[in-house]
Structure formats: C-alpha cells, structure tokens
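**Q** To start, I am sharing the structure in question, which I have written as structure tokens.
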Amino acid sequence: METSLQRIMRKTGRRPIECKCQKCKQQCKTPCLGTPEDILRLIKAGYKDRLAPTHWCVGMALGKIDYPVLMIQAKQEDNGYCTFFNDGLCELHDLGLKPTEGRLSHHSITKENFKFGKSLSWNVAKEWMDERNEAFIKEITQLMLS
Ligand code: SF4
C-alpha cells in the first residue's frame, strides 16, 4: 500500500533533498509539517513534549478552503525557530525522523512558483483528513492524552 510520503511525492512531484543553505535554514522558523505517520514516529521516539496541537490555516488565508485543519506538529520555540532546530541544524535529520515537508522542501520553492494544489503544506495537511490515516490519528490522540 502507498505510504503518505509516497502519495505526497507523487502528487507534488517532489523528491527527498538535502540542502543546508541559509535560505533553507530560514524555513526552519516555521516548523515543517509532518503527516500522521511522521508525528506518530516522533511520539514513539520520545518527542511528545516537543509537539502540540495546531490549526493549519494557510488554506483559509489563501482563500482556497474555508476551514482550518487540526493537526499535531512540532512546536515553535520562543526564539522563533522550530523546537528541533539547534545550532543551525535539524536535530531529526540524522535520526531519519524529519517530517515530510522538511524532507521534500527546498529553497527553490518560492512565492512565484507556488501552486496551492501541488504545494507540500496542503498535501501534508490533507493527510490529516484522509481516512486511510484514521488509525494513526487515533493512536496519536491516545498517546498525546496519556
Ligand atoms: S523539524 Fe527539522 S527541518 Fe523541520 S522545521 Fe524543524 S528543524 Fe527544520
């Protein structure tokens, strides 16, 4: 069966990429979005306290959808960066636990070539409403509440 990552790669045409340039590091101010599978992996790896419920409102802000999408994602710390951004690097990178948006994102994705339907953020957000992820989301909810 196709995984969320495979589905998102197919829909966005993006492939995993590594880049440590300043522009890519700037993207780590806003925590990259993970699919339910990504977030469940993070909880099981012991990172529950670095995660929090959030409403994804980008689709509403762009006038593309008329509802927020509820998800669990990495927290943003008081320093303005993602909780996993340390000394200029992603803590999760070498652990193979980086969320899908971060794995597939690159500084070449700019406002000029942004297409909502093919965007990484929308395609990850959709995974939180996809019934194929129901079991993952149920387990996430139970673990976050425990
Ligand atoms: S999880 Fe890693 S790649 Fe994603 S925003 Fe945080 S530091 Fe950056």
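Convention: chains lettered A, B, ... in structure tokens order; per-chain residue numbering from 1; ligands numbered from 1 as shown.
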Using only C-alpha atoms and all ligand atoms, which residues have at least one atom no more than 9 Å from ligand 1? Output them as a PyMOL selection string.
**A** chain A and resi 24-34+74-76+81-86+88-93+97-103+105
**Q** Could you pull out the residues in stretch 40-94 of chain A that DSSP calls strand (DSSP E or B) from the backbone, as a PyMOL selection string?
**A** chain A and resi 51-56+69-74+76+82+85-86+89-90
**Q** Please dump the current selection as a compact mmCIF listing (two decimals), in the first residue's frame; keep C-alpha atoms.
**A**
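Produced file selection-v6.txt, reproduced below:
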```
# COMPACT_ATOMS: atom_id res chain seq x y z
CA LEU A 51 4.78 18.53 19.85
CA ALA A 52 1.48 20.37 20.20
CA PRO A 53 -1.98 20.61 18.60
CA THR A 54 -2.20 23.27 15.94
CA HIS A 55 -4.73 24.58 13.44
CA TRP A 56 -3.33 24.86 9.92
CA VAL A 69 -7.10 21.68 9.57
CA LEU A 70 -6.41 20.30 13.06
CA MET A 71 -3.06 18.54 13.42
CA ILE A 72 -0.30 17.73 15.90
CA GLN A 73 3.00 19.30 14.84
CA ALA A 74 6.41 20.39 16.16
CA GLN A 76 7.76 26.79 17.64
CA CYS A 82 11.21 25.13 15.31
CA PHE A 85 16.37 23.49 15.09
CA ASN A 86 19.63 23.52 17.07
CA LEU A 89 20.85 22.12 12.08
CA CYS A 90 17.80 19.88 12.32
```
**Q** Using only C-alpha atoms, which of A:Tyr67, A:Ile140, A:Ile17, A:Arg7 sits nearest A:Arg41?
**A**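 For A:Arg41, the nearest of the given residues is A:Ile140.
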**Q** Give me, as JSON, numbers by chain, the residues of chain A that a backbone DSSP run labels helix (DSSP H, G or I).
**A** {"A": [4, 5, 6, 7, 8, 9, 10, 11, 12, 22, 23, 24, 25, 26, 27, 28, 29, 36, 37, 38, 39, 40, 41, 42, 43, 44, 48, 49, 50, 58, 59, 60, 61, 93, 94, 95, 100, 101, 102, 103, 104, 111, 112, 113, 116, 117, 118, 120, 121, 122, 123, 124, 125, 126, 127, 131, 132, 133, 134, 135, 136, 137, 138, 139, 140, 141, 142, 143, 144, 145]}
**Q** What's around stretch 113-122 of chain A at 8 Å? Count only C-alpha atoms, leave out sequence neighbours fewer than 3 positions away in its own chain, and write the answer as a list of chain:residue names.
**A**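 These residues fall inside the cut-off: A:Ile8, A:Lys11, A:Thr12, A:Leu33, A:Gly59, A:Lys64, A:Glu101, A:Leu104, A:Ser105, A:Ile109, A:Thr110, A:Ala125, A:Lys126.
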**Q** Can you tell me, as a list in words, what residues are no more than 12 Å from A:Arg132 when counting only C-alpha atoms, ignoring any on the same chain fewer than 5 positions away?
**A**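 My list of contacting residues is Met1, Glu2, Thr3, Ser4, Arg7, Thr35, Pro36, Glu37, Lys126, Glu127, Ile137 and Lys138 of chain A.
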**Q** Quick one: pull the distance between atom CA of A:Cys19 and atom CA of A:His106, Å, one decimal.
**A**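 Computing the Euclidean distance for atom CA of A:Cys19 and atom CA of A:His106 yields 7.1 Å.
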**Q** Out of A:Gly96, A:Thr141, A:Ser146, A:Leu62, which residue has the shortest atom-to-atom distance to A:Pro16 when counting only C-alpha atoms?
**A**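 Ranking A:Gly96, A:Thr141, A:Ser146, A:Leu62 by distance to A:Pro16, first place goes to A:Gly96.
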**Q** Considering only C-alpha atoms, state which residue in the set A:Asp94, A:Asp66, A:Glu139, A:Glu134 is at the smallest distance from A:Ile43.
**A**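 That would be A:Glu139, the residue with the smallest distance to A:Ile43.
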**Q** Give me, please, the distance in Å between atom CA of A:Leu5 and atom CA of A:Asn123, quoted to one decimal.
**A**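 So the answer is 9.9 Å.
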